[in-house]
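**Student:** Pasting a structure below so you can have a look.
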Amino acid sequence: MMAFPSPFLWTDRRGSAAVELALVAPMLIILSFGAMEVGKYFMDEHAVSKAVRDGARFAARQPFAGYVGCAMPSAVETATKDITRTGEIGGTTARIPGWQDSDITVSLNCDSGGSYSNAGIYRGSADGAPVVTVSASVQYRSILSYIGFDFSTATLNAQSEAAVTGI
């Protein structure tokens with residue numbers, strides 16, 4: 001025959017901490033993963049912004065003679081993409097996993113209509129002041145994608161431009 005539980009069973013508190021932890025743990029896990037995800041997103045966004053600034057600065061400091069006829073030399077474009085994506089010319093490891101050269105756009109615009117084209121280093125330039133624009137659009141990779149759950153549809157976008165100074 002089964003004994004009736006003691007009336008003290010309902011007032012016993014010896015397992016309450018484990019029950020509370022079981023109820024609160026999922027919320028704490030979601031909160032901590034959420035904080036890490038937001039931190040990683042902003043870190044990657046900063047890395048892309050810094051990378052396009054580095055690329056534009058690199059392209060703007062190439063020899064002035066290379067930008068004749070408002071055309072960018074293909075070697076400069078390739079090197080600019082390398083600098084932007086990897087941080088070095090001929091680099092192989094991307095700053096952000098999955099970042100491809102095809103995610104980067106390098107363009108050159110020569111503005112001959114500005115009054116600055118007749119002064120300083122641009123004096124006598126028939127093509128005007130060349131301005132390099134580097135932009136990138138990189139697919140964001142979520143922390144959860146590393147363990148098999150890919151919910152990410154965000155894209156990291158950045159753009160930077162610099163006037164060619166030919167230093």
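Lettering and numbering for the structure tokens are positional, with chains as A, B, ... in the shown order, residues counted from 1 in each chain, and ligands counted from 1 in the shown order.
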If you count only C-alpha atoms, which residues fall within 7 Å of region 78-81 of chain A, apart from same-chain ones fewer than 2 positions away, as a list in words?
**Tutor:** Gly55, Phe58, Ala59, Ser74, Ala75, Val76, Ile83, Thr84, Arg85, Ile89, Asp101 and Ile104 of chain A
**Student:** Residues at most 7 Å from region 43-46 of chain A, counting only C-alpha atoms, excluding those fewer than 4 positions away in the same chain, as a list in words?
**Tutor:** Gly39, Lys50 and Leu156 of chain A
**Student:** In chain A, what's alpha helix (DSSP H) per DSSP? Answer as a PyMOL selection string?
**Tutor:** chain A and resi 16-60+74-86
**Student:** Using 10 Å as the limit and counting only C-alpha atoms, can you tabulate each residue of region 25-116 of chain A that touches region 130-141 of chain A, with its shortest atom-to-atom distance in Å and the two atoms involved, as CSV?
**Tutor:**
```
residue,atom,partner,partner_atom,distance
A:Glu37,CA,A:Arg141,CA,9.9
A:Lys40,CA,A:Arg141,CA,9.3
A:Tyr41,CA,A:Tyr140,CA,7.4
A:Asp44,CA,A:Tyr140,CA,7.8
A:Glu45,CA,A:Tyr140,CA,8.7
A:Val48,CA,A:Ala136,CA,7.4
A:Ser49,CA,A:Ala136,CA,8.6
A:Ala51,CA,A:Ala136,CA,8.9
A:Val52,CA,A:Val134,CA,5.7
A:Arg53,CA,A:Val134,CA,7.7
A:Asp54,CA,A:Val134,CA,9.2
A:Gly55,CA,A:Val134,CA,6.6
A:Ala56,CA,A:Val134,CA,5.6
A:Arg57,CA,A:Val132,CA,8.6
A:Phe58,CA,A:Val132,CA,9.7
A:Ala59,CA,A:Val132,CA,6.8
A:Ala60,CA,A:Val132,CA,6.4
A:Phe64,CA,A:Pro130,CA,9.2
A:Tyr67,CA,A:Pro130,CA,7.6
A:Val68,CA,A:Pro130,CA,9.5
A:Gly69,CA,A:Pro130,CA,9.7
A:Cys70,CA,A:Pro130,CA,6.7
A:Ala71,CA,A:Pro130,CA,9.1
A:Met72,CA,A:Val132,CA,8.9
A:Glu77,CA,A:Val134,CA,9.8
A:Thr80,CA,A:Val134,CA,8.4
A:Lys81,CA,A:Val134,CA,8.6
A:Thr84,CA,A:Val134,CA,8.5
A:Arg85,CA,A:Ala136,CA,9.2
A:Ile96,CA,A:Val138,CA,8.6
A:Pro97,CA,A:Arg141,CA,7.9
A:Gly98,CA,A:Gln139,CA,7.9
A:Trp99,CA,A:Val138,CA,6.3
A:Gln100,CA,A:Val138,CA,8.2
A:Asp101,CA,A:Ala136,CA,9.2
A:Ser102,CA,A:Ala136,CA,8.9
A:Asp103,CA,A:Ser137,CA,5.4
A:Ile104,CA,A:Ala136,CA,4.4
A:Thr105,CA,A:Ser135,CA,5.2
A:Val106,CA,A:Val134,CA,4.6
A:Ser107,CA,A:Thr133,CA,5.2
A:Leu108,CA,A:Val132,CA,4.6
A:Asn109,CA,A:Val131,CA,5.2
A:Cys110,CA,A:Pro130,CA,4.2
A:Asp111,CA,A:Pro130,CA,6.6
A:Ser112,CA,A:Pro130,CA,8.7
```
**Student:** Would you mind reading off the distance between CA of Pro63 (chain A) and CA of Ala94 (chain A), one decimal, in Å?
**Tutor:**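 Interatomic distance, CA of Pro63 (chain A) to CA of Ala94 (chain A): 26.4 Å.
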**Student:** From the list A:Gly34, A:Gly15, A:Gly166, A:Pro73, which residue is nearest Ser142 (chain A) when using only C-alpha atoms?
**Tutor:**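 For Ser142 (chain A), the nearest of the given residues is A:Gly34.
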**Student:** I'd like to know which residues of chain A are strand (DSSP E) (by DSSP, run on the backbone); could you write them as a list in words?
**Tutor:**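 In chain A, DSSP puts these residues in strand (DSSP E): Ile104, Thr105, Val106, Ser107, Leu108, Asn109, Cys110, Asp111, Ala129, Pro130, Val131, Val132, Thr133, Val134, Ser135, Ala136, Ser137, Val138, Gln139, Thr155, Leu156, Asn157, Ala158, Gln159, Ser160, Glu161, Ala162 and Ala163 of chain A.
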**Student:** My list of candidates is A:Ala35, A:Ala129, A:Asp82, A:Ile147. Which is closest to Thr165 (chain A) when distances are computed with only C-alpha atoms?
**Tutor:**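 Between A:Ala35, A:Ala129, A:Asp82, A:Ile147, the residue approaching Thr165 (chain A) most closely is A:Ala129.
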**Student:** Separation of CA of Met36 (chain A) and CA of Gly148 (chain A), in Å?
**Tutor:**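 Computing it gives 16.6 Å between the two atoms.
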